[in-house]
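So this block is input38.cif, mmCIF, C-alpha atoms:
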```
data_final
loop_
_atom_site.label_atom_id
_atom_site.label_comp_id
_atom_site.auth_asym_id
_atom_site.auth_seq_id
_atom_site.Cartn_x
_atom_site.Cartn_y
_atom_site.Cartn_z
CA MET A 1 49.11 -115.66 45.35
CA GLU A 2 48.31 -112.91 47.85
CA THR A 3 50.96 -114.22 50.26
CA ASN A 4 53.67 -113.87 47.59
CA LEU A 5 52.59 -110.33 46.86
CA SER A 6 52.60 -109.32 50.50
CA ASN A 7 55.90 -111.19 51.01
CA ASN A 8 57.42 -109.25 48.10
CA GLN A 9 56.06 -106.03 49.52
CA GLU A 10 57.52 -106.88 52.93
CA GLN A 11 60.88 -107.60 51.30
CA THR A 12 60.76 -104.25 49.51
CA ILE A 13 59.94 -102.42 52.72
CA LEU A 14 62.67 -104.29 54.59
CA LYS A 15 65.19 -103.32 51.89
CA GLU A 16 64.10 -99.70 52.16
CA MET A 17 64.45 -99.79 55.96
CA ALA A 18 67.90 -101.40 55.70
CA SER A 19 68.97 -98.82 53.12
CA LYS A 20 67.79 -96.03 55.43
CA LYS A 21 69.73 -97.50 58.37
CA VAL A 22 72.90 -97.81 56.28
CA THR A 23 72.52 -94.19 55.16
CA GLN A 24 72.05 -93.05 58.78
CA LEU A 25 75.08 -95.05 59.88
CA LYS A 26 77.22 -93.59 57.10
CA SER A 27 76.09 -90.09 58.04
CA PHE A 28 76.88 -90.75 61.71
CA TYR A 29 80.39 -91.97 60.90
CA ASN A 30 81.04 -88.94 58.68
CA HIS A 31 79.84 -86.63 61.46
CA LEU A 32 81.97 -88.49 64.00
CA PHE A 33 85.05 -88.16 61.76
CA VAL A 34 84.58 -84.40 61.42
CA TYR A 35 83.99 -84.14 65.19
CA VAL A 36 87.22 -86.02 66.01
CA ILE A 37 89.25 -83.83 63.64
CA SER A 38 87.65 -80.71 65.15
CA MET A 39 88.34 -81.93 68.68
CA ILE A 40 92.00 -82.50 67.83
CA VAL A 41 92.28 -79.01 66.31
CA PHE A 42 90.47 -77.51 69.31
CA LEU A 43 92.78 -79.21 71.79
CA LEU A 44 95.83 -78.10 69.79
CA LYS A 45 94.48 -74.54 69.76
CA GLU A 46 93.75 -74.49 73.51
CA TYR A 47 96.82 -76.23 74.88
CA THR A 48 99.62 -75.35 72.49
CA ASN A 49 101.06 -72.14 71.17
CA LEU A 50 100.21 -72.92 67.57
CA PRO A 51 98.83 -69.93 65.64
CA LEU A 52 95.38 -71.40 64.93
CA HIS A 53 93.42 -68.16 64.93
CA PHE A 54 92.10 -68.01 61.38
CA PHE A 55 88.50 -67.98 60.17
CA PRO A 56 86.75 -71.26 60.96
CA ILE A 57 89.01 -72.37 63.78
CA LYS A 58 88.88 -69.16 65.77
CA TYR A 59 85.15 -69.76 66.43
CA ILE A 60 85.70 -73.19 67.98
CA ASN A 61 85.45 -72.72 71.76
CA TRP A 62 84.41 -74.68 74.84
CA VAL A 63 80.69 -73.98 74.39
CA VAL A 64 80.71 -75.19 70.79
CA MET A 65 82.60 -78.34 71.70
CA ILE A 66 80.33 -79.14 74.67
CA ILE A 67 77.19 -78.74 72.54
CA TRP A 68 78.75 -80.71 69.68
CA SER A 69 79.76 -83.49 72.12
CA ALA A 70 76.18 -83.70 73.40
CA VAL A 71 74.88 -83.95 69.82
CA ILE A 72 77.37 -86.72 68.99
CA LEU A 73 76.44 -88.58 72.18
CA GLY A 74 72.73 -88.30 71.36
CA SER A 75 73.34 -89.52 67.82
CA ALA A 76 75.37 -92.47 69.09
CA ILE A 77 72.63 -93.44 71.54
CA ASP A 78 70.05 -93.17 68.78
CA MET A 79 72.13 -95.27 66.37
CA PHE A 80 73.35 -98.02 68.66
CA ALA A 81 71.25 -98.19 71.82
CA SER A 82 67.95 -98.05 69.95
CA TYR A 83 68.81 -101.40 68.38
CA LYS A 84 69.18 -102.87 71.87
CA ILE A 85 65.96 -101.33 73.14
CA PHE A 86 63.94 -101.89 69.99
CA GLY A 87 65.22 -105.29 68.86
CA THR A 88 64.43 -107.30 65.77
CA GLN A 89 61.27 -108.76 67.29
CA TRP A 90 59.92 -105.27 67.94
CA GLU A 91 60.84 -104.25 64.36
CA GLN A 92 59.07 -107.27 62.91
CA ARG A 93 55.92 -106.63 64.97
CA LYS A 94 55.96 -102.95 64.01
CA LEU A 95 56.53 -103.77 60.33
CA LYS A 96 53.65 -106.28 60.38
CA SER A 97 51.42 -103.70 62.06
CA ILE A 98 52.29 -101.03 59.49
CA LEU A 99 51.73 -103.41 56.60
CA GLU A 100 48.38 -104.53 57.99
CA LYS A 101 47.23 -100.93 58.37
CA LYS A 102 48.45 -100.02 54.91
CA TYR A 103 46.92 -102.94 53.07
CA LYS A 104 43.79 -103.42 55.12
CA LYS A 105 40.79 -102.94 52.90
CA GLN A 106 37.52 -101.75 54.28
CA LYS A 107 34.42 -103.00 52.46
CA TRP A 108 31.24 -100.97 52.53
CA GLU A 109 27.97 -102.69 51.87
#
```
File written out as structure tokens:
Amino acid sequence: METNLSNNQEQTILKEMASKKVTQLKSFYNHLFVYVISMIVFLLKEYTNLPLHFFPIKYINWVVMIIWSAVILGSAIDMFASYKIFGTQWEQRKLKSILEKKYKKQKWE
């Protein structure tokens, strides 16, 4: 009976981890979409004669775009390369380790 309980608990934790990954991926794609739109507007502002000098757009400059590009690159590495580095076997070992620590009972005599 204990194996079913721990198996159900593992399934619950796996669902929570999957839900968290999906939420992170959705957030990354939303951020990437806003970045691409901002990059297009920035390039139009810099290299055309369009009058794009109103409130939010006038503060987009090279420094902002370089920092934002670095943040996007870091987020992409975190989202996609971490799966390659920390594969499913590593996740399973880590999950098992966390579950063992969480449900380990210490008996005092």
Counting all atoms listed in the file, closest pick from A:Asp78, A:Ser97, A:Tyr47, A:Met39 relative to Ile60 of chain A is A:Met39
Centre and size of axis-aligned box enclosing segment 8-22 of chain A plus 4 Å each side, as lines of an AutoDock Vina configuration file:
```
center_x = 64.5
center_y = -102.6
center_z = 53.2
size_x = 24.8
size_y = 21.2
size_z = 18.3
```
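Counting only C-alpha atoms, the residue from A:Val41, A:Met79, A:Val34, A:Val71 that sits nearest to Lys58 of chain A is A:Val41.
Candidate residues A:Ile85, A:Ile37, A:Met17, A:Leu52 were compared for distance to Met65 of chain A, and the nearest is A:Ile37, using all atoms listed in the file.
You will find atom CA of Asn61 of chain A at 10.6 Å from atom CA of Ser38 of chain A.
Rounded to one decimal, atom CA of Tyr59 of chain A and atom CA of Phe42 of chain A lie 9.8 Å from each other.
Nearest-residue note for Lys96 of chain A: choosing from A:Gln9, A:Ser82, A:Ser69, A:Thr48, the minimum distance belongs to A:Gln9, counting only C-alpha atoms.
Picture a line from atom CA of Leu14 of chain A to atom CA of Gln92 of chain A; it runs 9.5 Å.
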Report as JSON lines the residues of segment 67-92 of chain A within 8 Å of segment 19-33 of chain A, each with its shortest atom pair and distance in Å (one decimal), using all atoms listed in the file, ordered by chain and increasing residue number.
```
{"residue": "A:Ile72", "atom": "CA", "partner": "A:Leu32", "partner_atom": "CA", "distance": 7.0}
{"residue": "A:Ser75", "atom": "CA", "partner": "A:Phe28", "partner_atom": "CA", "distance": 7.2}
{"residue": "A:Ala76", "atom": "CA", "partner": "A:Phe28", "partner_atom": "CA", "distance": 7.7}
{"residue": "A:Met79", "atom": "CA", "partner": "A:Leu25", "partner_atom": "CA", "distance": 7.1}
```
If you count all atoms listed in the file, the residue of A:Ile57, A:Ile67, A:Ala18, A:Leu73 closest to Lys45 of chain A turns out to be A:Ile57
For Glu46 of chain A, the closest of A:Ala70, A:Leu99, A:Glu10, A:Trp62 counting all atoms listed in the file is A:Trp62
Can you complete the atoms of segment 22-44 of chain A to N, CA, C and O atoms and list them as a PDB file, in the frame of the given file?
```pdb
ATOM      1  N   VAL A  22      71.524 -97.914  56.780  1.00  0.00           N
ATOM      2  CA  VAL A  22      72.900 -97.810  56.280  1.00  0.00           C
ATOM      3  C   VAL A  22      73.238 -96.346  56.000  1.00  0.00           C
ATOM      4  O   VAL A  22      74.327 -95.880  56.330  1.00  0.00           O
ATOM      5  N   THR A  23      72.302 -95.599  55.428  1.00  0.00           N
ATOM      6  CA  THR A  23      72.520 -94.190  55.160  1.00  0.00           C
ATOM      7  C   THR A  23      72.714 -93.412  56.460  1.00  0.00           C
ATOM      8  O   THR A  23      73.607 -92.561  56.557  1.00  0.00           O
ATOM      9  N   GLN A  24      71.906 -93.703  57.471  1.00  0.00           N
ATOM     10  CA  GLN A  24      72.050 -93.050  58.780  1.00  0.00           C
ATOM     11  C   GLN A  24      73.391 -93.385  59.410  1.00  0.00           C
ATOM     12  O   GLN A  24      74.049 -92.508  59.990  1.00  0.00           O
ATOM     13  N   LEU A  25      73.811 -94.633  59.306  1.00  0.00           N
ATOM     14  CA  LEU A  25      75.080 -95.050  59.880  1.00  0.00           C
ATOM     15  C   LEU A  25      76.242 -94.356  59.175  1.00  0.00           C
ATOM     16  O   LEU A  25      77.184 -93.894  59.827  1.00  0.00           O
ATOM     17  N   LYS A  26      76.172 -94.268  57.860  1.00  0.00           N
ATOM     18  CA  LYS A  26      77.220 -93.590  57.100  1.00  0.00           C
ATOM     19  C   LYS A  26      77.285 -92.110  57.489  1.00  0.00           C
ATOM     20  O   LYS A  26      78.369 -91.564  57.692  1.00  0.00           O
ATOM     21  N   SER A  27      76.145 -91.485  57.626  1.00  0.00           N
ATOM     22  CA  SER A  27      76.090 -90.090  58.040  1.00  0.00           C
ATOM     23  C   SER A  27      76.669 -89.909  59.438  1.00  0.00           C
ATOM     24  O   SER A  27      77.412 -88.949  59.692  1.00  0.00           O
ATOM     25  N   PHE A  28      76.346 -90.829  60.348  1.00  0.00           N
ATOM     26  CA  PHE A  28      76.880 -90.750  61.710  1.00  0.00           C
ATOM     27  C   PHE A  28      78.396 -90.861  61.700  1.00  0.00           C
ATOM     28  O   PHE A  28      79.088 -90.093  62.376  1.00  0.00           O
ATOM     29  N   TYR A  29      78.944 -91.805  60.946  1.00  0.00           N
ATOM     30  CA  TYR A  29      80.390 -91.970  60.900  1.00  0.00           C
ATOM     31  C   TYR A  29      81.076 -90.753  60.277  1.00  0.00           C
ATOM     32  O   TYR A  29      82.152 -90.344  60.732  1.00  0.00           O
ATOM     33  N   ASN A  30      80.484 -90.167  59.256  1.00  0.00           N
ATOM     34  CA  ASN A  30      81.040 -88.940  58.680  1.00  0.00           C
ATOM     35  C   ASN A  30      81.042 -87.814  59.705  1.00  0.00           C
ATOM     36  O   ASN A  30      82.038 -87.092  59.840  1.00  0.00           O
ATOM     37  N   HIS A  31      79.942 -87.656  60.422  1.00  0.00           N
ATOM     38  CA  HIS A  31      79.840 -86.630  61.460  1.00  0.00           C
ATOM     39  C   HIS A  31      80.858 -86.881  62.567  1.00  0.00           C
ATOM     40  O   HIS A  31      81.511 -85.949  63.053  1.00  0.00           O
ATOM     41  N   LEU A  32      81.010 -88.135  62.960  1.00  0.00           N
ATOM     42  CA  LEU A  32      81.970 -88.490  64.000  1.00  0.00           C
ATOM     43  C   LEU A  32      83.404 -88.186  63.552  1.00  0.00           C
ATOM     44  O   LEU A  32      84.211 -87.681  64.337  1.00  0.00           O
ATOM     45  N   PHE A  33      83.718 -88.448  62.299  1.00  0.00           N
ATOM     46  CA  PHE A  33      85.050 -88.160  61.760  1.00  0.00           C
ATOM     47  C   PHE A  33      85.344 -86.657  61.818  1.00  0.00           C
ATOM     48  O   PHE A  33      86.416 -86.248  62.277  1.00  0.00           O
ATOM     49  N   VAL A  34      84.403 -85.851  61.383  1.00  0.00           N
ATOM     50  CA  VAL A  34      84.580 -84.400  61.420  1.00  0.00           C
ATOM     51  C   VAL A  34      84.705 -83.923  62.869  1.00  0.00           C
ATOM     52  O   VAL A  34      85.530 -83.052  63.179  1.00  0.00           O
ATOM     53  N   TYR A  35      83.933 -84.498  63.769  1.00  0.00           N
ATOM     54  CA  TYR A  35      83.990 -84.140  65.190  1.00  0.00           C
ATOM     55  C   TYR A  35      85.366 -84.449  65.774  1.00  0.00           C
ATOM     56  O   TYR A  35      85.934 -83.637  66.504  1.00  0.00           O
ATOM     57  N   VAL A  36      85.908 -85.631  65.474  1.00  0.00           N
ATOM     58  CA  VAL A  36      87.220 -86.020  66.010  1.00  0.00           C
ATOM     59  C   VAL A  36      88.298 -85.076  65.492  1.00  0.00           C
ATOM     60  O   VAL A  36      89.157 -84.614  66.266  1.00  0.00           O
ATOM     61  N   ILE A  37      88.270 -84.765  64.211  1.00  0.00           N
ATOM     62  CA  ILE A  37      89.250 -83.830  63.640  1.00  0.00           C
ATOM     63  C   ILE A  37      89.113 -82.462  64.309  1.00  0.00           C
ATOM     64  O   ILE A  37      90.118 -81.842  64.694  1.00  0.00           O
ATOM     65  N   SER A  38      87.883 -81.999  64.497  1.00  0.00           N
ATOM     66  CA  SER A  38      87.650 -80.710  65.150  1.00  0.00           C
ATOM     67  C   SER A  38      88.109 -80.722  66.595  1.00  0.00           C
ATOM     68  O   SER A  38      88.657 -79.724  67.085  1.00  0.00           O
ATOM     69  N   MET A  39      87.898 -81.818  67.283  1.00  0.00           N
ATOM     70  CA  MET A  39      88.340 -81.930  68.680  1.00  0.00           C
ATOM     71  C   MET A  39      89.862 -81.875  68.764  1.00  0.00           C
ATOM     72  O   MET A  39      90.414 -81.212  69.649  1.00  0.00           O
ATOM     73  N   ILE A  40      90.531 -82.541  67.851  1.00  0.00           N
ATOM     74  CA  ILE A  40      92.000 -82.500  67.830  1.00  0.00           C
ATOM     75  C   ILE A  40      92.484 -81.073  67.587  1.00  0.00           C
ATOM     76  O   ILE A  40      93.372 -80.578  68.297  1.00  0.00           O
ATOM     77  N   VAL A  41      91.897 -80.391  66.609  1.00  0.00           N
ATOM     78  CA  VAL A  41      92.280 -79.010  66.310  1.00  0.00           C
ATOM     79  C   VAL A  41      91.982 -78.112  67.513  1.00  0.00           C
ATOM     80  O   VAL A  41      92.790 -77.242  67.879  1.00  0.00           O
ATOM     81  N   PHE A  42      90.831 -78.304  68.136  1.00  0.00           N
ATOM     82  CA  PHE A  42      90.470 -77.510  69.310  1.00  0.00           C
ATOM     83  C   PHE A  42      91.472 -77.694  70.441  1.00  0.00           C
ATOM     84  O   PHE A  42      91.922 -76.731  71.061  1.00  0.00           O
ATOM     85  N   LEU A  43      91.822 -78.943  70.720  1.00  0.00           N
ATOM     86  CA  LEU A  43      92.780 -79.210  71.790  1.00  0.00           C
ATOM     87  C   LEU A  43      94.159 -78.635  71.466  1.00  0.00           C
ATOM     88  O   LEU A  43      94.841 -78.104  72.353  1.00  0.00           O
ATOM     89  N   LEU A  44      94.566 -78.716  70.207  1.00  0.00           N
ATOM     90  CA  LEU A  44      95.830 -78.100  69.790  1.00  0.00           C
ATOM     91  C   LEU A  44      95.772 -76.586  69.976  1.00  0.00           C
ATOM     92  O   LEU A  44      96.735 -75.967  70.434  1.00  0.00           O
TER      93      LEU A  44
END
```
